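Undergrad: Input file: query_36.pdb. Contents: PDB, C-alpha atoms, pLDDT in the B column.
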```pdb
ATOM      1  CA  MET A  27      79.666-262.885-154.220  1.00 66.00           C
ATOM      2  CA  ILE A  28      82.873-261.547-152.645  1.00 73.00           C
ATOM      3  CA  ILE A  29      82.811-264.341-150.055  1.00 75.00           C
ATOM      4  CA  GLN A  30      82.303-266.957-152.764  1.00 76.00           C
ATOM      5  CA  LYS A  31      85.236-265.625-154.792  1.00 77.00           C
ATOM      6  CA  LEU A  32      87.439-265.626-151.694  1.00 81.00           C
ATOM      7  CA  LEU A  33      86.426-269.178-150.789  1.00 77.00           C
ATOM      8  CA  HIS A  34      87.032-270.253-154.377  1.00 77.00           C
ATOM      9  CA  LEU A  35      90.518-268.741-154.287  1.00 82.00           C
ATOM     10  CA  ILE A  36      91.388-270.413-150.982  1.00 84.00           C
ATOM     11  CA  SER A  37      89.927-273.827-151.804  1.00 86.00           C
ATOM     12  CA  MET A  38      91.430-273.998-155.281  1.00 86.00           C
ATOM     13  CA  SER A  39      94.829-272.968-153.923  1.00 90.00           C
ATOM     14  CA  VAL A  40      94.670-275.914-151.529  1.00 90.00           C
ATOM     15  CA  VAL A  41      93.438-278.361-154.197  1.00 90.00           C
ATOM     16  CA  ARG A  42      96.025-277.083-156.684  1.00 92.00           C
ATOM     17  CA  LEU A  43      98.838-277.649-154.178  1.00 94.00           C
ATOM     18  CA  TYR A  44      97.507-281.126-153.407  1.00 93.00           C
ATOM     19  CA  ALA A  45      97.216-281.980-157.095  1.00 92.00           C
ATOM     20  CA  ARG A  46     100.767-280.788-157.720  1.00 94.00           C
ATOM     21  CA  LEU A  47     102.110-283.002-154.954  1.00 95.00           C
ATOM     22  CA  MET A  48      99.926-286.100-155.304  1.00 95.00           C
ATOM     23  CA  LEU A  49      98.555-286.256-158.853  1.00 95.00           C
ATOM     24  CA  ARG A  50     100.032-286.451-162.312  1.00 95.00           C
ATOM     25  CA  LEU A  51      97.468-284.251-164.007  1.00 95.00           C
ATOM     26  CA  ASP A  52      97.324-284.630-167.764  1.00 96.00           C
ATOM     27  CA  VAL A  53      94.957-281.975-169.137  1.00 97.00           C
ATOM     28  CA  PHE A  54      94.396-281.424-172.851  1.00 98.00           C
ATOM     29  CA  TRP A  55      92.238-278.572-174.128  1.00 98.00           C
ATOM     30  CA  GLN A  56      90.622-278.955-177.529  1.00 98.00           C
ATOM     31  CA  ALA A  57      89.535-275.331-177.115  1.00 97.00           C
ATOM     32  CA  PRO A  58      89.612-272.771-174.296  1.00 96.00           C
ATOM     33  CA  PHE A  59      86.506-272.092-172.237  1.00 97.00           C
ATOM     34  CA  PRO A  60      84.246-269.552-173.976  1.00 95.00           C
ATOM     35  CA  ALA A  61      83.461-266.325-172.161  1.00 94.00           C
ATOM     36  CA  GLY A  62      80.330-266.065-170.070  1.00 96.00           C
ATOM     37  CA  PRO A  63      78.329-268.669-168.183  1.00 97.00           C
ATOM     38  CA  LYS A  64      78.686-272.250-169.330  1.00 98.00           C
ATOM     39  CA  LEU A  65      77.485-275.695-168.323  1.00 98.00           C
ATOM     40  CA  ILE A  66      80.394-278.041-167.669  1.00 98.00           C
ATOM     41  CA  VAL A  67      79.554-281.751-167.910  1.00 98.00           C
ATOM     42  CA  ALA A  68      81.788-284.749-167.254  1.00 98.00           C
ATOM     43  CA  ASN A  69      81.853-288.436-166.501  1.00 98.00           C
ATOM     44  CA  HIS A  70      82.274-289.347-162.840  1.00 96.00           C
ATOM     45  CA  PRO A  71      84.759-292.151-162.082  1.00 96.00           C
ATOM     46  CA  SER A  72      85.573-290.990-158.531  1.00 94.00           C
ATOM     47  CA  THR A  73      84.067-289.102-155.609  1.00 90.00           C
ATOM     48  CA  THR A  74      86.907-286.594-155.800  1.00 91.00           C
ATOM     49  CA  ASP A  75      86.146-285.465-159.383  1.00 94.00           C
ATOM     50  CA  PRO A  76      84.189-282.308-158.420  1.00 90.00           C
ATOM     51  CA  PHE A  77      87.176-280.849-156.586  1.00 88.00           C
ATOM     52  CA  TYR A  78      89.610-281.513-159.428  1.00 93.00           C
ATOM     53  CA  LEU A  79      87.196-280.079-162.003  1.00 92.00           C
ATOM     54  CA  GLY A  80      87.313-276.759-160.181  1.00 89.00           C
ATOM     55  CA  LEU A  81      90.983-276.435-161.135  1.00 92.00           C
ATOM     56  CA  LEU A  82      90.002-275.873-164.766  1.00 94.00           C
ATOM     57  CA  SER A  83      88.360-272.503-164.176  1.00 91.00           C
ATOM     58  CA  SER A  84      89.754-269.255-162.827  1.00 86.00           C
ATOM     59  CA  GLN A  85      86.209-268.216-161.942  1.00 87.00           C
ATOM     60  CA  PRO A  86      83.945-269.783-159.282  1.00 88.00           C
ATOM     61  CA  ILE A  87      81.757-272.632-160.506  1.00 92.00           C
ATOM     62  CA  SER A  88      78.635-273.979-158.825  1.00 94.00           C
ATOM     63  CA  LEU A  89      78.954-277.753-158.595  1.00 93.00           C
ATOM     64  CA  LEU A  90      75.974-280.058-158.199  1.00 92.00           C
ATOM     65  CA  ILE A  91      77.044-282.300-155.309  1.00 85.00           C
ATOM     66  CA  ILE A  92      75.234-285.069-153.469  1.00 81.00           C
ATOM     67  CA  GLU A  93      73.379-283.678-150.449  1.00 82.00           C
ATOM     68  CA  SER A  94      75.113-285.943-147.915  1.00 77.00           C
ATOM     69  CA  LEU A  95      78.335-283.931-148.197  1.00 78.00           C
ATOM     70  CA  PHE A  96      76.446-280.807-147.155  1.00 82.00           C
ATOM     71  CA  LEU A  97      75.501-282.576-143.916  1.00 77.00           C
ATOM     72  CA  ILE A  98      79.117-282.850-142.778  1.00 78.00           C
ATOM     73  CA  PRO A  99      79.793-280.236-140.072  1.00 75.00           C
ATOM     74  CA  ILE A 100      81.910-277.273-141.209  1.00 78.00           C
ATOM     75  CA  PHE A 101      82.547-278.800-144.641  1.00 79.00           C
ATOM     76  CA  GLY A 102      78.855-278.573-145.497  1.00 80.00           C
ATOM     77  CA  THR A 103      78.800-274.929-144.474  1.00 84.00           C
ATOM     78  CA  PHE A 104      81.836-274.305-146.655  1.00 84.00           C
ATOM     79  CA  LEU A 105      80.068-275.887-149.638  1.00 86.00           C
ATOM     80  CA  ARG A 106      76.981-273.716-149.152  1.00 86.00           C
ATOM     81  CA  TRP A 107      78.939-270.499-148.747  1.00 85.00           C
ATOM     82  CA  SER A 108      80.913-271.398-151.866  1.00 86.00           C
ATOM     83  CA  GLY A 109      77.686-271.466-153.896  1.00 87.00           C
ATOM     84  CA  HIS A 110      77.547-275.179-154.600  1.00 91.00           C
ATOM     85  CA  ILE A 111      74.207-276.936-155.071  1.00 93.00           C
ATOM     86  CA  PRO A 112      73.032-279.929-152.996  1.00 90.00           C
ATOM     87  CA  VAL A 113      71.336-282.736-154.890  1.00 88.00           C
ATOM     88  CA  VAL A 114      68.749-284.381-152.648  1.00 83.00           C
ATOM     89  CA  PRO A 115      67.543-287.842-153.738  1.00 78.00           C
ATOM     90  CA  GLY A 116      63.995-287.564-155.058  1.00 79.00           C
ATOM     91  CA  GLN A 117      64.194-283.764-155.242  1.00 81.00           C
ATOM     92  CA  GLY A 118      66.102-283.283-158.446  1.00 83.00           C
ATOM     93  CA  ARG A 119      63.858-280.423-159.520  1.00 90.00           C
ATOM     94  CA  THR A 120      65.119-278.274-156.640  1.00 93.00           C
ATOM     95  CA  ALA A 121      68.737-278.704-157.739  1.00 93.00           C
ATOM     96  CA  PHE A 122      67.739-278.140-161.375  1.00 95.00           C
ATOM     97  CA  ASP A 123      66.022-274.844-160.518  1.00 96.00           C
ATOM     98  CA  ALA A 124      69.022-273.678-158.492  1.00 95.00           C
ATOM     99  CA  ALA A 125      71.371-274.441-161.406  1.00 97.00           C
ATOM    100  CA  TYR A 126      69.016-272.647-163.792  1.00 97.00           C
ATOM    101  CA  ARG A 127      69.023-269.501-161.639  1.00 97.00           C
ATOM    102  CA  ARG A 128      72.794-269.455-161.363  1.00 96.00           C
ATOM    103  CA  LEU A 129      73.257-269.768-165.114  1.00 97.00           C
ATOM    104  CA  LEU A 130      70.837-266.891-165.711  1.00 97.00           C
ATOM    105  CA  ARG A 131      72.825-264.777-163.238  1.00 96.00           C
ATOM    106  CA  GLY A 132      75.992-265.428-165.227  1.00 95.00           C
ATOM    107  CA  ARG A 133      77.631-268.125-163.094  1.00 95.00           C
ATOM    108  CA  SER A 134      78.942-271.336-164.608  1.00 96.00           C
ATOM    109  CA  VAL A 135      77.632-274.667-163.360  1.00 97.00           C
ATOM    110  CA  ALA A 136      79.182-278.149-163.416  1.00 96.00           C
ATOM    111  CA  LEU A 137      77.300-281.436-163.195  1.00 96.00           C
ATOM    112  CA  PHE A 138      77.663-285.116-163.954  1.00 96.00           C
ATOM    113  CA  PRO A 139      74.983-286.286-166.423  1.00 96.00           C
ATOM    114  CA  GLU A 140      75.172-289.866-165.131  1.00 95.00           C
ATOM    115  CA  GLY A 141      73.658-288.690-161.853  1.00 91.00           C
ATOM    116  CA  ASP A 142      75.911-291.054-159.885  1.00 90.00           C
ATOM    117  CA  LEU A 143      79.418-292.480-159.926  1.00 92.00           C
ATOM    118  CA  SER A 144      80.422-294.240-163.118  1.00 95.00           C
ATOM    119  CA  PRO A 145      80.581-298.046-162.857  1.00 93.00           C
ATOM    120  CA  GLN A 146      83.859-299.053-161.230  1.00 89.00           C
ATOM    121  CA  GLY A 147      84.255-301.796-163.806  1.00 89.00           C
ATOM    122  CA  GLY A 148      84.484-299.160-166.536  1.00 89.00           C
ATOM    123  CA  GLY A 149      82.179-297.274-168.872  1.00 92.00           C
ATOM    124  CA  CYS A 150      79.432-294.834-167.968  1.00 96.00           C
ATOM    125  CA  LEU A 151      75.841-294.881-166.815  1.00 96.00           C
ATOM    126  CA  PRO A 152      73.045-293.726-169.170  1.00 96.00           C
ATOM    127  CA  PRO A 153      72.711-289.936-169.066  1.00 97.00           C
ATOM    128  CA  ARG A 154      69.948-288.059-167.348  1.00 96.00           C
ATOM    129  CA  THR A 155      68.338-285.137-169.137  1.00 96.00           C
ATOM    130  CA  GLY A 156      69.128-282.218-166.817  1.00 96.00           C
ATOM    131  CA  ALA A 157      72.088-280.902-168.804  1.00 97.00           C
ATOM    132  CA  ALA A 158      70.171-280.924-172.081  1.00 98.00           C
ATOM    133  CA  ARG A 159      67.179-279.157-170.554  1.00 98.00           C
ATOM    134  CA  LEU A 160      69.340-276.507-168.893  1.00 98.00           C
ATOM    135  CA  ALA A 161      71.123-275.829-172.186  1.00 98.00           C
ATOM    136  CA  LEU A 162      67.847-275.427-174.066  1.00 98.00           C
ATOM    137  CA  LEU A 163      66.291-273.204-171.418  1.00 97.00           C
ATOM    138  CA  THR A 164      69.264-270.874-170.909  1.00 97.00           C
ATOM    139  CA  GLY A 165      71.085-270.970-174.245  1.00 97.00           C
ATOM    140  CA  VAL A 166      74.471-271.434-172.520  1.00 98.00           C
ATOM    141  CA  PRO A 167      77.089-273.618-174.205  1.00 98.00           C
ATOM    142  CA  ILE A 168      77.806-277.088-172.880  1.00 98.00           C
ATOM    143  CA  ILE A 169      81.467-277.936-172.298  1.00 98.00           C
ATOM    144  CA  PRO A 170      81.984-281.723-172.362  1.00 98.00           C
ATOM    145  CA  ILE A 171      84.874-283.156-170.366  1.00 98.00           C
ATOM    146  CA  GLY A 172      86.214-286.700-170.370  1.00 98.00           C
ATOM    147  CA  ILE A 173      88.031-287.989-167.280  1.00 98.00           C
ATOM    148  CA  TYR A 174      90.160-291.098-167.013  1.00 97.00           C
ATOM    149  CA  LEU A 175      91.948-292.539-164.008  1.00 96.00           C
ATOM    150  CA  PRO A 176      93.317-296.011-163.267  1.00 95.00           C
ATOM    151  CA  ARG A 177      90.388-297.348-161.253  1.00 91.00           C
ATOM    152  CA  GLU A 178      92.538-299.905-159.463  1.00 91.00           C
ATOM    153  CA  ARG A 179      94.090-296.972-157.599  1.00 91.00           C
ATOM    154  CA  SER A 180      90.756-295.716-156.285  1.00 92.00           C
ATOM    155  CA  ARG A 181      90.136-296.240-152.600  1.00 91.00           C
ATOM    156  CA  ALA A 182      86.674-297.439-151.628  1.00 88.00           C
ATOM    157  CA  ILE A 183      85.252-295.694-148.579  1.00 85.00           C
ATOM    158  CA  VAL A 184      82.114-296.338-146.570  1.00 82.00           C
ATOM    159  CA  SER A 185      80.855-293.669-144.201  1.00 74.00           C
ATOM    160  CA  THR A 186      77.737-292.764-142.292  1.00 68.00           C
ATOM    161  CA  VAL A 187      76.443-289.207-142.521  1.00 64.00           C
ATOM    162  CA  ALA A 188      73.234-288.154-140.784  1.00 61.00           C
ATOM    163  CA  GLY A 189      72.322-291.810-140.349  1.00 66.00           C
ATOM    164  CA  LYS A 190      72.841-292.638-144.026  1.00 69.00           C
ATOM    165  CA  ARG A 191      75.408-295.215-145.147  1.00 72.00           C
ATOM    166  CA  LEU A 192      77.370-293.942-148.116  1.00 73.00           C
ATOM    167  CA  LYS A 193      79.929-295.590-150.365  1.00 80.00           C
ATOM    168  CA  GLY A 194      82.344-293.697-152.533  1.00 85.00           C
ATOM    169  CA  TYR A 195      85.664-294.020-154.309  1.00 90.00           C
ATOM    170  CA  LEU A 196      88.470-291.588-153.558  1.00 91.00           C
ATOM    171  CA  TYR A 197      91.263-291.029-156.046  1.00 94.00           C
ATOM    172  CA  LEU A 198      94.070-289.515-154.022  1.00 93.00           C
ATOM    173  CA  ARG A 199      97.250-290.039-156.019  1.00 95.00           C
ATOM    174  CA  GLY A 200      98.468-291.049-159.437  1.00 95.00           C
ATOM    175  CA  GLU A 201      97.681-290.228-163.055  1.00 96.00           C
ATOM    176  CA  TYR A 202      94.512-288.258-163.735  1.00 97.00           C
ATOM    177  CA  GLY A 203      93.646-287.540-167.343  1.00 97.00           C
ATOM    178  CA  VAL A 204      91.262-284.803-168.432  1.00 98.00           C
ATOM    179  CA  THR A 205      90.246-283.805-171.956  1.00 98.00           C
ATOM    180  CA  VAL A 206      88.257-280.587-172.315  1.00 98.00           C
ATOM    181  CA  GLY A 207      86.111-280.649-175.425  1.00 98.00           C
ATOM    182  CA  ARG A 208      84.821-277.901-177.661  1.00 98.00           C
ATOM    183  CA  ALA A 209      81.646-276.061-176.736  1.00 98.00           C
ATOM    184  CA  MET A 210      78.396-277.678-177.828  1.00 98.00           C
ATOM    185  CA  HIS A 211      75.372-275.493-178.656  1.00 98.00           C
ATOM    186  CA  PHE A 212      71.784-276.663-178.780  1.00 97.00           C
ATOM    187  CA  GLU A 213      68.442-275.165-179.699  1.00 96.00           C
ATOM    188  CA  GLY A 214      64.896-276.448-179.724  1.00 96.00           C
ATOM    189  CA  ASP A 215      61.807-277.121-177.674  1.00 97.00           C
ATOM    190  CA  VAL A 216      62.581-278.281-174.140  1.00 96.00           C
ATOM    191  CA  ALA A 217      59.099-279.852-174.026  1.00 96.00           C
ATOM    192  CA  ASP A 218      60.018-282.187-176.904  1.00 97.00           C
ATOM    193  CA  ARG A 219      61.102-285.277-174.977  1.00 97.00           C
ATOM    194  CA  GLY A 220      62.552-286.993-178.020  1.00 97.00           C
ATOM    195  CA  HIS A 221      64.685-283.940-178.806  1.00 98.00           C
ATOM    196  CA  VAL A 222      65.875-283.698-175.208  1.00 98.00           C
ATOM    197  CA  ASP A 223      66.757-287.407-175.132  1.00 98.00           C
ATOM    198  CA  SER A 224      68.654-287.057-178.406  1.00 98.00           C
ATOM    199  CA  ILE A 225      70.693-284.124-177.060  1.00 98.00           C
ATOM    200  CA  SER A 226      71.410-286.022-173.845  1.00 98.00           C
ATOM    201  CA  GLY A 227      72.742-288.920-175.892  1.00 98.00           C
ATOM    202  CA  ASP A 228      74.908-286.598-178.010  1.00 98.00           C
ATOM    203  CA  ILE A 229      76.401-285.036-174.878  1.00 98.00           C
ATOM    204  CA  MET A 230      77.163-288.388-173.274  1.00 98.00           C
ATOM    205  CA  ARG A 231      78.716-289.808-176.428  1.00 98.00           C
ATOM    206  CA  GLN A 232      81.025-286.808-176.621  1.00 98.00           C
ATOM    207  CA  ILE A 233      81.995-287.219-172.957  1.00 98.00           C
ATOM    208  CA  VAL A 234      82.765-290.907-173.534  1.00 98.00           C
ATOM    209  CA  SER A 235      84.880-290.071-176.591  1.00 98.00           C
ATOM    210  CA  LEU A 236      86.833-287.481-174.603  1.00 98.00           C
ATOM    211  CA  ALA A 237      87.312-289.929-171.725  1.00 98.00           C
ATOM    212  CA  GLN A 238      88.761-292.412-174.194  1.00 97.00           C
ATOM    213  CA  GLU A 239      91.224-289.747-175.371  1.00 98.00           C
ATOM    214  CA  SER A 240      92.225-289.164-171.741  1.00 98.00           C
ATOM    215  CA  GLU A 241      92.627-292.911-171.268  1.00 97.00           C
ATOM    216  CA  SER A 242      94.946-293.185-174.271  1.00 96.00           C
ATOM    217  CA  ARG A 243      97.218-290.434-172.976  1.00 96.00           C
ATOM    218  CA  VAL A 244      97.339-291.776-169.423  1.00 96.00           C
ATOM    219  CA  LYS A 245      98.086-295.310-170.595  1.00 94.00           C
ATOM    220  CA  ALA A 246     100.884-293.940-172.774  1.00 93.00           C
ATOM    221  CA  LEU A 247     102.321-292.236-169.686  1.00 87.00           C
ATOM    222  CA  LEU A 248     102.117-295.527-167.811  1.00 87.00           C
ATOM    223  CA  GLY A 249     103.618-297.471-170.684  1.00 84.00           C
ATOM    224  CA  ARG A 250     100.479-299.529-171.217  1.00 70.00           C
ATOM    225  CA  THR A 251      98.794-300.452-174.485  1.00 58.00           C
TER     226      THR A 251
END
```
Kindly transcribe the structure held in the file into structure tokens.

TA:
Amino acid sequence: MIIQKLLHLISMSVVRLYARLMLRLDVFWQAPFPAGPKLIVANHPSTTDPFYLGLLSSQPISLLIIESLFLIPIFGTFLRWSGHIPVVPGQGRTAFDAAYRRLLRGRSVALFPEGDLSPQGGGCLPPRTGAARLALLTGVPIIPIGIYLPRERSRAIVSTVAGKRLKGYLYLRGEYGVTVGRAMHFEGDVADRGHVDSISGDIMRQIVSLAQESESRVKALLGRT
């Protein structure tokens, strides 16, 4: 735990300095984070979103991150020691269980309900049900976050890690809008698929609404309509 807090402090200091120099962060809080463990959920327009999300919390957060990044020498070790959770294709249950355990131990978790990058043409992918099920099983509040960035400024990258060809979109400079929504609380039977699907839809609709708020502010900064 001490190592994770130290790594969080170091990494967020670096990201915060980078963001100050290279980004025009526009963050609006509808409400502060509630105390205790929470499940932070957001849309995912760029590969760099997980690192910028970490700036919102003074406490370490376990991020669900695609497994390929954990395969990068040194960086992958850093991610593991920092308490982040690899998401292996086809093994979503393993990542789900790890997130569940962290929430029960009092650590906040962040994930992207779309399960992949948002379409580069705009909009969001249909949500997966992991966030809803975690909320019902643990009772923690869900904090929806809407991100907007001018996608034309994203830089497409293609890399090969452990023999796998990966494509991502880095957002390295420019306006980056974030709207932090109010906590959402849910109750009910996690075995009720219809209920879980309904909650997942509610969460995603709130994220989309918050992303639209972020878009409006960023476009006002850019002088666009």

Undergrad: What does the structure give for the distance between CA of Glu93 (chain A) and CA of Leu105 (chain A), in Å to one decimal?

TA: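 Between CA of Glu93 (chain A) and CA of Leu105 (chain A) the gap works out to 10.3 Å.
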
Undergrad: Expanded to explicit residues, what is the PyMOL selection byres ((chain A and resi 79) around 12) for this file, as number ranges by chain?

TA: A: 38, 41-42, 45, 51, 53, 66-70, 72-78, 80-90, 135-138, 169-173, 202-206

Undergrad: Which residues of region 132-153 of chain A come within 12 Å of region 178-181 of chain A, and for each one, what is the closest pair of atoms and their distance in Å to one decimal, counting only C-alpha atoms, sorted by chain and residue number, as a tab-separated table?

TA:
```
residue	atom	partner	partner_atom	distance
A:Gln146	CA	A:Glu178	CA	8.9
A:Gly147	CA	A:Glu178	CA	9.5
A:Gly148	CA	A:Glu178	CA	10.7
```

Undergrad: Using all atoms listed in the file, pick whichever of A:Leu198, A:Leu151, A:Val234, A:Ala157 has the shortest atom-to-atom distance to Tyr44 (chain A).

TA: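 Going through A:Leu198, A:Leu151, A:Val234, A:Ala157 one by one, the smallest distance to Tyr44 (chain A) is for A:Leu198.
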
Undergrad: Can you pull out every residue within 10 Å of Arg219 (chain A), counting all atoms listed in the file, but drop anything in the same chain fewer than 4 positions away, and send it as a list of chain:residue names?

TA: A:Thr155, A:Arg159, A:Asp215, A:Asp223, A:Ser224, A:Ile225

Undergrad: Applying the PyMOL selection byres ((chain A and resi 115-126) around 9) to the file I just gave you, which residues come out? Please list them as a VMD selection string.

TA: chain A and resid 88 to 90 92 to 93 111 to 114 127 to 131 134 to 136 156 160 163 to 164

Undergrad: Padding 5 Å on each side, edges along x, y and z: where is the centre of the box around the listed atoms of region 114-130 of chain A, and how long are its edges in Å to one decimal? Output it as lines of an AutoDock Vina configuration file.

TA:
```
center_x = 68.6
center_y = -277.4
center_z = -159.2
size_x = 19.4
size_y = 31.0
size_z = 23.1
```

Undergrad: So, with all atoms listed in the file as the atoms that count, which of A:Val40, A:Leu192, A:Leu248, A:Ile168 lies closest to Gly62 (chain A)?

TA: A:Ile168

Undergrad: What separation in Å, quoted to one decimal, exists between CA of Asp142 (chain A) and CA of Gln56 (chain A)?

TA: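 Value for the CA of Asp142 (chain A)-CA of Gln56 (chain A) distance: 26.0 Å.
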
Undergrad: Kindly give the distance, in Å, that separates CA of Val222 (chain A) and CA of Leu162 (chain A), rounded to a single decimal.

TA: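 Spanning CA of Val222 (chain A) to CA of Leu162 (chain A) is a straight-line distance of 8.6 Å.
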
Undergrad: Tell me which protein, DNA and RNA residues are within 12 Å of Ser185 (chain A), counting all atoms listed in the file, leaving out same-chain ones fewer than 5 positions away, and put them as a list in words.

TA: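 Near neighbours after the sequence-gap exclusion: Ser94, Leu95, Ile98, Lys190, Arg191, Leu192, Lys193, Gly194 and Tyr195 of chain A.
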
Undergrad: Using all atoms listed in the file, which of A:Tyr174, A:Trp55, A:Phe96, A:Phe104 sits nearest Ile36 (chain A)?

TA: A:Phe104

Undergrad: What do you get, as a VMD selection string, if you spell out every residue that the PyMOL selection byres ((chain A and resi 245) around 12) selects here?

TA: chain A and resid 52 174 to 176 200 to 203 238 to 244 246 to 251

Undergrad: Neighbouring residues of Val166 (chain A) were defined as those with any atom within 7 Å, considering all atoms listed in the file; residues of the same chain fewer than 4 positions away were excluded. Please report them as a list of chain:residue names.

TA: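 Surrounding residues, per the criterion: A:Pro63, A:Lys64, A:Leu65, A:Ala161.
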